[in-house]
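K.L.:
Please read through the structure below; I'll follow up with questions.
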Amino acid sequence: MDKESRFLRACRRESVDCTPVWFMRQAGRYMEEYRALRKKYTLLELCHAPELAAEVTMQPINRFDLDAAIIFADILLPLPGLGLEFEFAVGEGPRIHKPVRSAADVERLRVFEPREELGFVLEALGIVRGQLPKSVALIGFAGAPFTLASYMIEGGYSRHFVLTKQLMYSEPQAWHLLMDKIATVTGEYLRAQVEAGAQVVQLFDSWIGALGADDYRDYVLPHSKKIFDSLSDLDIPKIHFGTGTSGYLELMRQAGGTVQSVDWRMPLDQAWEKIGFDSAIQGNLDPIAVLCDQDTLKRKVFEILENAGGRPGHIFNLGHGFLPQTPVENVEAMIEWIHGYKAS
Ligand code: CP3
């Protein structure tokens, strides 16, 4: 019989035989299996075909000794349901055709039923759950309101979030309506993912570090909190991910989540102290370290394990996702070091 997932146990801060590990962007371009499929299909085609999305989800699981699988999808998939068409332009990233620029644009956005519009993701979750051993947990996910709003307003990736902050500061009513609509849909989407087989959910607030603590509290926290509050009846781990959040980790925890995901900008032990040792924590390797020689990488990995100090509730991960040039052999080596590590 398979053992229960040590990842789920660590999320609940229970004792584990060794530190569990999974990686953001663990399925993707650094794997030749993925690149082979991408020769035949676009990213959106892979996401929309449940059998293919399930196959991509399983690629890193079949290759490495990972403790969790994350469903292959994208945070932008809910956009068409809201009324915004988009594409992934080659070499440029996402491009939203008619970005949200005014209060009237916000009014027009539809609060939709994810079980109808995003059924393909739910189906993929069901397929993957049927294929995973019990020792590997399945993670569902969604984009957090700020990060999604930034794509919806800017129309793509942004460096300074000029249009997002302009709308936020100068039209607070429109901003809060936009955030509320995203939060309503996202709460329901995550619930549907759990119904479909996800055992853990992660809320991605990738670009939230663009805001200071006061703005986070005023313009974002209530909306991310609404999502976590709406899931409070579900007895599953909820991971809250952000980058650049060292200045207000305690506010991220206040917004919600039973596991806080932190990046490399603050040592793990210091971040954990700010969050509170009574919360689980995920992180926090710099993805660039994985591009270095193995002696350097090993040193960086052990620093994190030592900072975790054998306390219950550490899940090893990156502070953000793998880059496409990540060497597969370094991924394999890291997992071995992490699983073999014993806290002294
Ligand atoms: O393995 C996994 O992590 C699961 C799959 C996953 C994807 N996107 C597939 C994908 C996940 C969890 C995401 C989340 C996502 N998508 C985020 C939040 C996490 C983060 O990295 O901050 C964001 C901001 C997006 C939006 C997005 N998707 C951008 C900006 C881009 C283009 C940039 C790039 O890396 O090319 C994508 C494309 C995308 N989504 C890829 C993958 C594997 C790139 C691969 C491809 O083109 O085939």
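Ordered as shown in the structure tokens, chains take letters A, B, and onward, while each chain numbers its residues from 1 and ligands are numbered from 1 in the order shown.
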Could you tell me, as a PyMOL selection string, which residues of stretch 166-310 of chain A DSSP assigns to helix (DSSP H, G or I) when given the backbone?
P.N.:
chain A and resi 166-170+172-196+208-210+213-230+246-255+268-275+287-291+294-308
K.L.:
Give me the residues of stretch 305-333 of chain A that have any atom at most 9 Å from an atom of stretch 274-279 of chain A; for each, the nearest atom pair and the distance in Å, rounded to one decimal. Use only C-alpha atoms, sort by chain and number, and format it as a Markdown table.
P.N.:
| residue | atom | partner | partner_atom | distance |
| --- | --- | --- | --- | --- |
| A:Arg311 | CA | A:Phe277 | CA | 8.2 |
| A:Pro312 | CA | A:Phe277 | CA | 8.7 |
| A:Gly313 | CA | A:Ser279 | CA | 7.2 |
K.L.:
Enumerate as an mmCIF file with N, CA and C atoms, in the first residue's frame the residues within 7 Å of ligand 1, counting only C-alpha atoms and all ligand atoms.
P.N.:
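See result19.cif below for the written result:
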data_model
loop_
_atom_site.group_PDB
_atom_site.id
_atom_site.type_symbol
_atom_site.label_atom_id
_atom_site.label_comp_id
_atom_site.auth_asym_id
_atom_site.auth_seq_id
_atom_site.Cartn_x
_atom_site.Cartn_y
_atom_site.Cartn_z
ATOM 1 N N MET A 24 7.477 24.911 -8.298
ATOM 2 C CA MET A 24 6.615 25.676 -9.196
ATOM 3 C C MET A 24 7.201 25.605 -10.603
ATOM 4 N N ARG A 25 6.327 25.489 -11.589
ATOM 5 C CA ARG A 25 6.721 25.262 -12.991
ATOM 6 C C ARG A 25 7.507 23.954 -13.148
ATOM 7 N N GLN A 26 7.119 22.928 -12.369
ATOM 8 C CA GLN A 26 7.856 21.665 -12.489
ATOM 9 C C GLN A 26 7.559 20.955 -13.805
ATOM 10 N N ALA A 27 6.414 21.294 -14.424
ATOM 11 C CA ALA A 27 6.154 20.841 -15.792
ATOM 12 C C ALA A 27 6.442 22.033 -16.694
ATOM 13 N N GLY A 28 7.219 21.844 -17.736
ATOM 14 C CA GLY A 28 7.493 22.989 -18.596
ATOM 15 C C GLY A 28 8.701 22.804 -19.482
ATOM 16 N N ARG A 29 9.120 23.931 -20.030
ATOM 17 C CA ARG A 29 10.075 23.890 -21.137
ATOM 18 C C ARG A 29 11.435 23.316 -20.810
ATOM 19 N N ARG A 38 5.027 20.323 -27.046
ATOM 20 C CA ARG A 38 4.802 21.702 -27.482
ATOM 21 C C ARG A 38 5.104 21.903 -28.963
ATOM 22 N N LEU A 43 0.380 26.147 -26.127
ATOM 23 C CA LEU A 43 0.158 26.073 -24.680
ATOM 24 C C LEU A 43 -1.336 25.980 -24.373
ATOM 25 N N THR A 57 1.017 17.159 -16.690
ATOM 26 C CA THR A 57 1.080 17.179 -15.213
ATOM 27 C C THR A 57 1.918 16.011 -14.701
ATOM 28 N N ILE A 70 1.254 19.473 -9.550
ATOM 29 C CA ILE A 70 0.384 20.640 -9.718
ATOM 30 C C ILE A 70 -0.273 20.524 -11.082
ATOM 31 N N ILE A 71 -1.571 20.716 -11.093
ATOM 32 C CA ILE A 71 -2.315 20.516 -12.341
ATOM 33 C C ILE A 71 -1.783 21.454 -13.418
ATOM 34 N N PHE A 72 -1.622 20.956 -14.632
ATOM 35 C CA PHE A 72 -1.122 21.798 -15.708
ATOM 36 C C PHE A 72 -2.264 22.661 -16.231
ATOM 37 N N ALA A 73 -2.157 23.953 -15.978
ATOM 38 C CA ALA A 73 -3.172 24.936 -16.384
ATOM 39 C C ALA A 73 -2.477 26.290 -16.362
ATOM 40 N N ASP A 74 -3.216 27.376 -16.380
ATOM 41 C CA ASP A 74 -2.592 28.693 -16.269
ATOM 42 C C ASP A 74 -3.522 29.622 -15.509
ATOM 43 N N ILE A 75 -2.930 30.579 -14.791
ATOM 44 C CA ILE A 75 -3.780 31.498 -14.012
ATOM 45 C C ILE A 75 -4.677 32.346 -14.903
ATOM 46 N N LEU A 76 -4.337 32.454 -16.197
ATOM 47 C CA LEU A 76 -5.137 33.323 -17.073
ATOM 48 C C LEU A 76 -6.356 32.619 -17.674
ATOM 49 N N PHE A 88 -1.353 33.585 -26.001
ATOM 50 C CA PHE A 88 0.071 33.621 -25.642
ATOM 51 C C PHE A 88 0.823 33.917 -26.929
ATOM 52 N N GLY A 93 4.836 36.363 -24.276
ATOM 53 C CA GLY A 93 3.967 36.106 -23.132
ATOM 54 C C GLY A 93 2.525 36.453 -23.450
ATOM 55 N N PRO A 94 1.690 36.539 -22.412
ATOM 56 C CA PRO A 94 0.259 36.720 -22.648
ATOM 57 C C PRO A 94 -0.091 38.092 -23.228
ATOM 58 N N PHE A 141 -4.930 25.205 -8.461
ATOM 59 C CA PHE A 141 -4.485 26.587 -8.226
ATOM 60 C C PHE A 141 -5.312 27.593 -8.993
ATOM 61 N N GLY A 143 -5.020 32.206 -9.914
ATOM 62 C CA GLY A 143 -4.343 33.485 -9.719
ATOM 63 C C GLY A 143 -5.083 34.292 -8.671
ATOM 64 N N TYR A 157 2.333 41.234 -19.475
ATOM 65 C CA TYR A 157 3.289 41.382 -18.384
ATOM 66 C C TYR A 157 3.645 42.861 -18.229
ATOM 67 N N PHE A 204 -1.932 32.067 -6.361
ATOM 68 C CA PHE A 204 -0.698 32.701 -6.858
ATOM 69 C C PHE A 204 -0.859 34.215 -6.908
ATOM 70 N N SER A 206 1.673 36.436 -7.772
ATOM 71 C CA SER A 206 3.061 36.546 -8.240
ATOM 72 C C SER A 206 3.624 37.959 -8.195
ATOM 73 N N HIS A 320 10.115 31.147 -6.665
ATOM 74 C CA HIS A 320 9.286 31.391 -7.856
ATOM 75 C C HIS A 320 9.534 30.196 -8.769
ATOM 76 N N GLY A 321 9.125 30.255 -10.036
ATOM 77 C CA GLY A 321 9.174 29.036 -10.853
ATOM 78 C C GLY A 321 10.513 28.750 -11.521
#
K.L.:
Could you name the residues that touch A:Phe64 at 12 Å or less, counting only C-alpha atoms, but leaving out those on the same chain fewer than 2 positions away, as a ChimeraX atom specification?
P.N.:
/A:21-23,26-27,31,58-62,66-69,136,328-336,339
K.L.:
Can those selected residues be exported to a file as a PDB file, in the first residue's frame so that it contains N, CA and C atoms?
P.N.:
ATOM      1  N   VAL A  21       9.068  17.882  -1.088  1.00  0.00           N
ATOM      2  CA  VAL A  21       9.504  18.852  -2.102  1.00  0.00           C
ATOM      3  C   VAL A  21       8.656  18.745  -3.366  1.00  0.00           C
ATOM      4  N   TRP A  22       8.291  19.900  -3.894  1.00  0.00           N
ATOM      5  CA  TRP A  22       7.767  20.021  -5.256  1.00  0.00           C
ATOM      6  C   TRP A  22       8.235  21.374  -5.765  1.00  0.00           C
ATOM      7  N   PHE A  23       8.074  21.645  -7.068  1.00  0.00           N
ATOM      8  CA  PHE A  23       8.595  22.896  -7.612  1.00  0.00           C
ATOM      9  C   PHE A  23       7.554  23.604  -8.458  1.00  0.00           C
ATOM     10  N   GLN A  26       7.119  22.928 -12.369  1.00  0.00           N
ATOM     11  CA  GLN A  26       7.856  21.665 -12.489  1.00  0.00           C
ATOM     12  C   GLN A  26       7.559  20.955 -13.805  1.00  0.00           C
ATOM     13  N   ALA A  27       6.414  21.294 -14.424  1.00  0.00           N
ATOM     14  CA  ALA A  27       6.154  20.841 -15.792  1.00  0.00           C
ATOM     15  C   ALA A  27       6.442  22.033 -16.694  1.00  0.00           C
ATOM     16  N   MET A  31      11.963  20.538 -19.611  1.00  0.00           N
ATOM     17  CA  MET A  31      11.877  19.080 -19.820  1.00  0.00           C
ATOM     18  C   MET A  31      11.696  18.763 -21.304  1.00  0.00           C
ATOM     19  N   MET A  58       1.753  14.845 -15.357  1.00  0.00           N
ATOM     20  CA  MET A  58       2.433  13.625 -14.906  1.00  0.00           C
ATOM     21  C   MET A  58       3.898  13.556 -15.351  1.00  0.00           C
ATOM     22  N   GLN A  59       4.306  14.355 -16.333  1.00  0.00           N
ATOM     23  CA  GLN A  59       5.684  14.254 -16.850  1.00  0.00           C
ATOM     24  C   GLN A  59       6.743  14.386 -15.744  1.00  0.00           C
ATOM     25  N   PRO A  60       6.690  15.450 -14.925  1.00  0.00           N
ATOM     26  CA  PRO A  60       7.713  15.535 -13.860  1.00  0.00           C
ATOM     27  C   PRO A  60       7.524  14.464 -12.784  1.00  0.00           C
ATOM     28  N   ILE A  61       6.305  14.003 -12.579  1.00  0.00           N
ATOM     29  CA  ILE A  61       6.049  12.973 -11.555  1.00  0.00           C
ATOM     30  C   ILE A  61       6.673  11.651 -11.995  1.00  0.00           C
ATOM     31  N   ASN A  62       6.572  11.357 -13.290  1.00  0.00           N
ATOM     32  CA  ASN A  62       7.144  10.114 -13.808  1.00  0.00           C
ATOM     33  C   ASN A  62       8.667  10.154 -13.826  1.00  0.00           C
ATOM     34  N   LEU A  66       9.051  13.437  -6.784  1.00  0.00           N
ATOM     35  CA  LEU A  66       8.385  14.617  -6.209  1.00  0.00           C
ATOM     36  C   LEU A  66       7.264  14.203  -5.275  1.00  0.00           C
ATOM     37  N   ASP A  67       6.949  15.093  -4.312  1.00  0.00           N
ATOM     38  CA  ASP A  67       5.905  14.781  -3.326  1.00  0.00           C
ATOM     39  C   ASP A  67       4.548  15.373  -3.681  1.00  0.00           C
ATOM     40  N   ALA A  68       4.495  16.206  -4.722  1.00  0.00           N
ATOM     41  CA  ALA A  68       3.195  16.747  -5.136  1.00  0.00           C
ATOM     42  C   ALA A  68       3.200  17.002  -6.637  1.00  0.00           C
ATOM     43  N   ALA A  69       2.003  16.923  -7.214  1.00  0.00           N
ATOM     44  CA  ALA A  69       1.793  17.274  -8.619  1.00  0.00           C
ATOM     45  C   ALA A  69       0.949  18.537  -8.639  1.00  0.00           C
ATOM     46  N   VAL A 136       1.635  10.885  -3.554  1.00  0.00           N
ATOM     47  CA  VAL A 136       1.842  12.159  -4.263  1.00  0.00           C
ATOM     48  C   VAL A 136       0.532  12.937  -4.279  1.00  0.00           C
ATOM     49  N   VAL A 328      17.972  19.469 -16.035  1.00  0.00           N
ATOM     50  CA  VAL A 328      17.175  18.384 -15.447  1.00  0.00           C
ATOM     51  C   VAL A 328      17.976  17.637 -14.379  1.00  0.00           C
ATOM     52  N   GLU A 329      19.299  17.458 -14.607  1.00  0.00           N
ATOM     53  CA  GLU A 329      20.101  16.695 -13.634  1.00  0.00           C
ATOM     54  C   GLU A 329      20.212  17.434 -12.298  1.00  0.00           C
ATOM     55  N   ASN A 330      20.132  18.765 -12.332  1.00  0.00           N
ATOM     56  CA  ASN A 330      20.159  19.518 -11.071  1.00  0.00           C
ATOM     57  C   ASN A 330      18.848  19.336 -10.296  1.00  0.00           C
ATOM     58  N   VAL A 331      17.769  19.216 -11.009  1.00  0.00           N
ATOM     59  CA  VAL A 331      16.468  18.994 -10.362  1.00  0.00           C
ATOM     60  C   VAL A 331      16.497  17.643  -9.647  1.00  0.00           C
ATOM     61  N   GLU A 332      16.986  16.650 -10.367  1.00  0.00           N
ATOM     62  CA  GLU A 332      17.055  15.306  -9.809  1.00  0.00           C
ATOM     63  C   GLU A 332      17.960  15.273  -8.568  1.00  0.00           C
ATOM     64  N   ALA A 333      19.108  15.939  -8.654  1.00  0.00           N
ATOM     65  CA  ALA A 333      20.056  15.943  -7.528  1.00  0.00           C
ATOM     66  C   ALA A 333      19.457  16.633  -6.307  1.00  0.00           C
ATOM     67  N   MET A 334      18.805  17.760  -6.540  1.00  0.00           N
ATOM     68  CA  MET A 334      18.208  18.514  -5.418  1.00  0.00           C
ATOM     69  C   MET A 334      17.226  17.669  -4.632  1.00  0.00           C
ATOM     70  N   ILE A 335      16.386  16.949  -5.349  1.00  0.00           N
ATOM     71  CA  ILE A 335      15.345  16.151  -4.680  1.00  0.00           C
ATOM     72  C   ILE A 335      16.016  15.096  -3.797  1.00  0.00           C
ATOM     73  N   GLU A 336      17.092  14.507  -4.320  1.00  0.00           N
ATOM     74  CA  GLU A 336      17.818  13.500  -3.539  1.00  0.00           C
ATOM     75  C   GLU A 336      18.422  14.113  -2.265  1.00  0.00           C
ATOM     76  N   HIS A 339      15.510  14.971   0.268  1.00  0.00           N
ATOM     77  CA  HIS A 339      14.935  13.774   0.901  1.00  0.00           C
ATOM     78  C   HIS A 339      15.938  13.080   1.826  1.00  0.00           C
TER      79      HIS A 339
END
K.L.:
What lies within 7 Å of stretch 193-199 of chain A using only C-alpha atoms, ignoring chain neighbours under 6 positions off, as JSON, numbers by chain?
P.N.:
{"A": [122, 125, 126, 129, 137, 138, 139, 140, 236]}
K.L.:
Skipping near chain neighbours, those fewer than 2 positions away, what residues fall within 12 Å of A:Trp337 using only C-alpha atoms, listed as a PyMOL selection string?
P.N.:
chain A and resi 18-21+65+294-295+297-305+316+330-335+339-342
K.L.:
Keeping only N, CA and C atoms, take the residues you just selected and write them out as a PDB file, in the first residue's frame.
P.N.:
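The file below, again_19.pdb, is the result:
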ATOM      1  N   CYS A  18      10.935  12.854   6.045  1.00  0.00           N
ATOM      2  CA  CYS A  18      11.916  13.792   5.491  1.00  0.00           C
ATOM      3  C   CYS A  18      11.162  14.969   4.888  1.00  0.00           C
ATOM      4  N   THR A  19      11.895  16.025   4.510  1.00  0.00           N
ATOM      5  CA  THR A  19      11.245  17.236   3.994  1.00  0.00           C
ATOM      6  C   THR A  19      10.611  16.963   2.628  1.00  0.00           C
ATOM      7  N   PRO A  20       9.328  17.253   2.483  1.00  0.00           N
ATOM      8  CA  PRO A  20       8.691  17.078   1.169  1.00  0.00           C
ATOM      9  C   PRO A  20       9.106  18.187   0.208  1.00  0.00           C
ATOM     10  N   VAL A  21       9.068  17.882  -1.088  1.00  0.00           N
ATOM     11  CA  VAL A  21       9.504  18.852  -2.102  1.00  0.00           C
ATOM     12  C   VAL A  21       8.656  18.745  -3.366  1.00  0.00           C
ATOM     13  N   ASP A  65      11.324  12.109  -8.129  1.00  0.00           N
ATOM     14  CA  ASP A  65      10.698  11.637  -6.889  1.00  0.00           C
ATOM     15  C   ASP A  65      10.036  12.814  -6.149  1.00  0.00           C
ATOM     16  N   GLN A 294      26.736  22.107  -9.279  1.00  0.00           N
ATOM     17  CA  GLN A 294      26.047  21.377  -8.212  1.00  0.00           C
ATOM     18  C   GLN A 294      26.606  21.674  -6.816  1.00  0.00           C
ATOM     19  N   ASP A 295      27.895  22.030  -6.696  1.00  0.00           N
ATOM     20  CA  ASP A 295      28.417  22.369  -5.362  1.00  0.00           C
ATOM     21  C   ASP A 295      27.742  23.629  -4.837  1.00  0.00           C
ATOM     22  N   LEU A 297      24.834  24.864  -5.855  1.00  0.00           N
ATOM     23  CA  LEU A 297      23.411  24.571  -5.645  1.00  0.00           C
ATOM     24  C   LEU A 297      23.202  23.844  -4.315  1.00  0.00           C
ATOM     25  N   LYS A 298      24.078  22.876  -4.056  1.00  0.00           N
ATOM     26  CA  LYS A 298      23.952  22.089  -2.827  1.00  0.00           C
ATOM     27  C   LYS A 298      24.069  22.990  -1.594  1.00  0.00           C
ATOM     28  N   ARG A 299      25.017  23.917  -1.646  1.00  0.00           N
ATOM     29  CA  ARG A 299      25.192  24.855  -0.534  1.00  0.00           C
ATOM     30  C   ARG A 299      23.909  25.665  -0.322  1.00  0.00           C
ATOM     31  N   LYS A 300      23.314  26.151  -1.397  1.00  0.00           N
ATOM     32  CA  LYS A 300      22.089  26.963  -1.287  1.00  0.00           C
ATOM     33  C   LYS A 300      20.921  26.131  -0.745  1.00  0.00           C
ATOM     34  N   VAL A 301      20.831  24.882  -1.179  1.00  0.00           N
ATOM     35  CA  VAL A 301      19.741  24.001  -0.726  1.00  0.00           C
ATOM     36  C   VAL A 301      19.891  23.709   0.767  1.00  0.00           C
ATOM     37  N   PHE A 302      21.136  23.407   1.184  1.00  0.00           N
ATOM     38  CA  PHE A 302      21.350  23.074   2.604  1.00  0.00           C
ATOM     39  C   PHE A 302      21.146  24.279   3.512  1.00  0.00           C
ATOM     40  N   GLU A 303      21.481  25.478   3.016  1.00  0.00           N
ATOM     41  CA  GLU A 303      21.215  26.689   3.807  1.00  0.00           C
ATOM     42  C   GLU A 303      19.738  26.758   4.180  1.00  0.00           C
ATOM     43  N   ILE A 304      18.895  26.462   3.223  1.00  0.00           N
ATOM     44  CA  ILE A 304      17.442  26.545   3.456  1.00  0.00           C
ATOM     45  C   ILE A 304      17.003  25.469   4.441  1.00  0.00           C
ATOM     46  N   LEU A 305      17.505  24.247   4.231  1.00  0.00           N
ATOM     47  CA  LEU A 305      17.122  23.151   5.139  1.00  0.00           C
ATOM     48  C   LEU A 305      17.589  23.462   6.558  1.00  0.00           C
ATOM     49  N   PHE A 316       9.745  22.142   0.938  1.00  0.00           N
ATOM     50  CA  PHE A 316      10.801  22.731   0.102  1.00  0.00           C
ATOM     51  C   PHE A 316      10.233  23.078  -1.271  1.00  0.00           C
ATOM     52  N   ASN A 330      20.132  18.765 -12.332  1.00  0.00           N
ATOM     53  CA  ASN A 330      20.159  19.518 -11.071  1.00  0.00           C
ATOM     54  C   ASN A 330      18.848  19.336 -10.296  1.00  0.00           C
ATOM     55  N   VAL A 331      17.769  19.216 -11.009  1.00  0.00           N
ATOM     56  CA  VAL A 331      16.468  18.994 -10.362  1.00  0.00           C
ATOM     57  C   VAL A 331      16.497  17.643  -9.647  1.00  0.00           C
ATOM     58  N   GLU A 332      16.986  16.650 -10.367  1.00  0.00           N
ATOM     59  CA  GLU A 332      17.055  15.306  -9.809  1.00  0.00           C
ATOM     60  C   GLU A 332      17.960  15.273  -8.568  1.00  0.00           C
ATOM     61  N   ALA A 333      19.108  15.939  -8.654  1.00  0.00           N
ATOM     62  CA  ALA A 333      20.056  15.943  -7.528  1.00  0.00           C
ATOM     63  C   ALA A 333      19.457  16.633  -6.307  1.00  0.00           C
ATOM     64  N   MET A 334      18.805  17.760  -6.540  1.00  0.00           N
ATOM     65  CA  MET A 334      18.208  18.514  -5.418  1.00  0.00           C
ATOM     66  C   MET A 334      17.226  17.669  -4.632  1.00  0.00           C
ATOM     67  N   ILE A 335      16.386  16.949  -5.349  1.00  0.00           N
ATOM     68  CA  ILE A 335      15.345  16.151  -4.680  1.00  0.00           C
ATOM     69  C   ILE A 335      16.016  15.096  -3.797  1.00  0.00           C
ATOM     70  N   HIS A 339      15.510  14.971   0.268  1.00  0.00           N
ATOM     71  CA  HIS A 339      14.935  13.774   0.901  1.00  0.00           C
ATOM     72  C   HIS A 339      15.938  13.080   1.826  1.00  0.00           C
ATOM     73  N   GLY A 340      17.233  13.226   1.515  1.00  0.00           N
ATOM     74  CA  GLY A 340      18.255  12.551   2.322  1.00  0.00           C
ATOM     75  C   GLY A 340      18.682  13.353   3.539  1.00  0.00           C
ATOM     76  N   TYR A 341      18.224  14.588   3.645  1.00  0.00           N
ATOM     77  CA  TYR A 341      18.688  15.485   4.717  1.00  0.00           C
ATOM     78  C   TYR A 341      18.046  15.133   6.051  1.00  0.00           C
ATOM     79  N   LYS A 342      18.875  15.100   7.075  1.00  0.00           N
ATOM     80  CA  LYS A 342      18.341  14.906   8.445  1.00  0.00           C
ATOM     81  C   LYS A 342      18.746  16.114   9.270  1.00  0.00           C
TER      82      LYS A 342
END
K.L.:
Which neighbours of A:His97 fall inside 9 Å, counting only C-alpha atoms, when residues of the same chain fewer than 2 positions from it are skipped, and could you give them as JSON, numbers by chain?
P.N.:
{"A": [84, 85, 86, 87, 95, 99, 155]}
K.L.:
What would the file look like if the residues just selected were written as a compact mmCIF listing (two decimals), in the first residue's frame with all heavy atoms?
P.N.:
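Done, and the output landed in out_24.txt:
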# COMPACT_ATOMS: atom_id res chain seq x y z
N LEU A 84 -12.89 38.39 -21.30
CA LEU A 84 -11.64 38.91 -21.89
C LEU A 84 -10.92 37.82 -22.67
O LEU A 84 -10.41 36.87 -22.08
CB LEU A 84 -10.71 39.44 -20.79
CG LEU A 84 -11.23 40.60 -19.94
CD1 LEU A 84 -10.22 40.91 -18.82
CD2 LEU A 84 -11.47 41.85 -20.78
N GLU A 85 -10.86 37.98 -23.98
CA GLU A 85 -10.11 37.01 -24.80
C GLU A 85 -8.62 37.34 -24.72
O GLU A 85 -8.23 38.50 -24.59
CB GLU A 85 -10.57 37.09 -26.26
CG GLU A 85 -12.03 36.68 -26.48
CD GLU A 85 -12.35 35.27 -25.97
OE1 GLU A 85 -11.47 34.38 -26.07
OE2 GLU A 85 -13.48 35.06 -25.48
N PHE A 86 -7.78 36.28 -24.76
CA PHE A 86 -6.33 36.51 -24.73
C PHE A 86 -5.62 35.42 -25.50
O PHE A 86 -6.21 34.40 -25.87
CB PHE A 86 -5.83 36.55 -23.29
CG PHE A 86 -5.70 35.18 -22.65
CD1 PHE A 86 -4.46 34.54 -22.60
CD2 PHE A 86 -6.80 34.54 -22.13
CE1 PHE A 86 -4.35 33.27 -22.03
CE2 PHE A 86 -6.69 33.26 -21.56
CZ PHE A 86 -5.46 32.64 -21.52
N GLU A 87 -4.34 35.65 -25.77
CA GLU A 87 -3.51 34.61 -26.41
C GLU A 87 -2.11 34.65 -25.78
O GLU A 87 -1.77 35.64 -25.11
CB GLU A 87 -3.41 34.89 -27.91
CG GLU A 87 -2.67 36.17 -28.21
CD GLU A 87 -2.80 36.60 -29.66
OE1 GLU A 87 -2.36 35.83 -30.53
OE2 GLU A 87 -3.33 37.70 -29.90
N ARG A 95 -1.12 38.10 -24.09
CA ARG A 95 -1.61 39.36 -24.64
C ARG A 95 -3.14 39.35 -24.55
O ARG A 95 -3.80 38.51 -25.17
CB ARG A 95 -1.16 39.52 -26.08
CG ARG A 95 -1.34 40.96 -26.58
CD ARG A 95 -1.15 41.05 -28.08
NE ARG A 95 0.22 40.85 -28.52
CZ ARG A 95 0.53 40.27 -29.69
NH1 ARG A 95 -0.41 39.80 -30.48
NH2 ARG A 95 1.79 40.15 -30.04
N PRO A 99 -7.95 45.11 -22.96
CA PRO A 99 -7.72 45.22 -21.51
C PRO A 99 -8.77 46.10 -20.82
O PRO A 99 -9.44 46.90 -21.45
CB PRO A 99 -6.35 45.88 -21.42
CG PRO A 99 -5.74 45.78 -22.76
CD PRO A 99 -6.84 45.66 -23.75
N GLY A 155 -2.81 44.35 -19.92
CA GLY A 155 -2.91 43.67 -21.20
C GLY A 155 -1.80 42.64 -21.40
O GLY A 155 -1.74 41.97 -22.42
K.L.:
Please return as an NGL selection string: the residues of stretch 34-158 of chain A that backbone DSSP assigns to strand (DSSP E or B).
P.N.:
:A and (68-70 or 86-89 or 93-96 or 137-143)
K.L.:
Skip stretch 267-272 of chain A itself and residues of its chain fewer than 4 positions away, then list as a PyMOL selection string all residues within 10 Å of it, counting only C-alpha atoms.
P.N.:
chain A and resi 245-250+260-263+276-285+303-309+311+314
K.L.:
In Å, rounded to a single decimal, give me how far atom CA of A:Ile208 is from atom CA of A:Asp229.
P.N.:
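Separation between atom CA of A:Asp229 and atom CA of A:Ile208: 19.5 Å.
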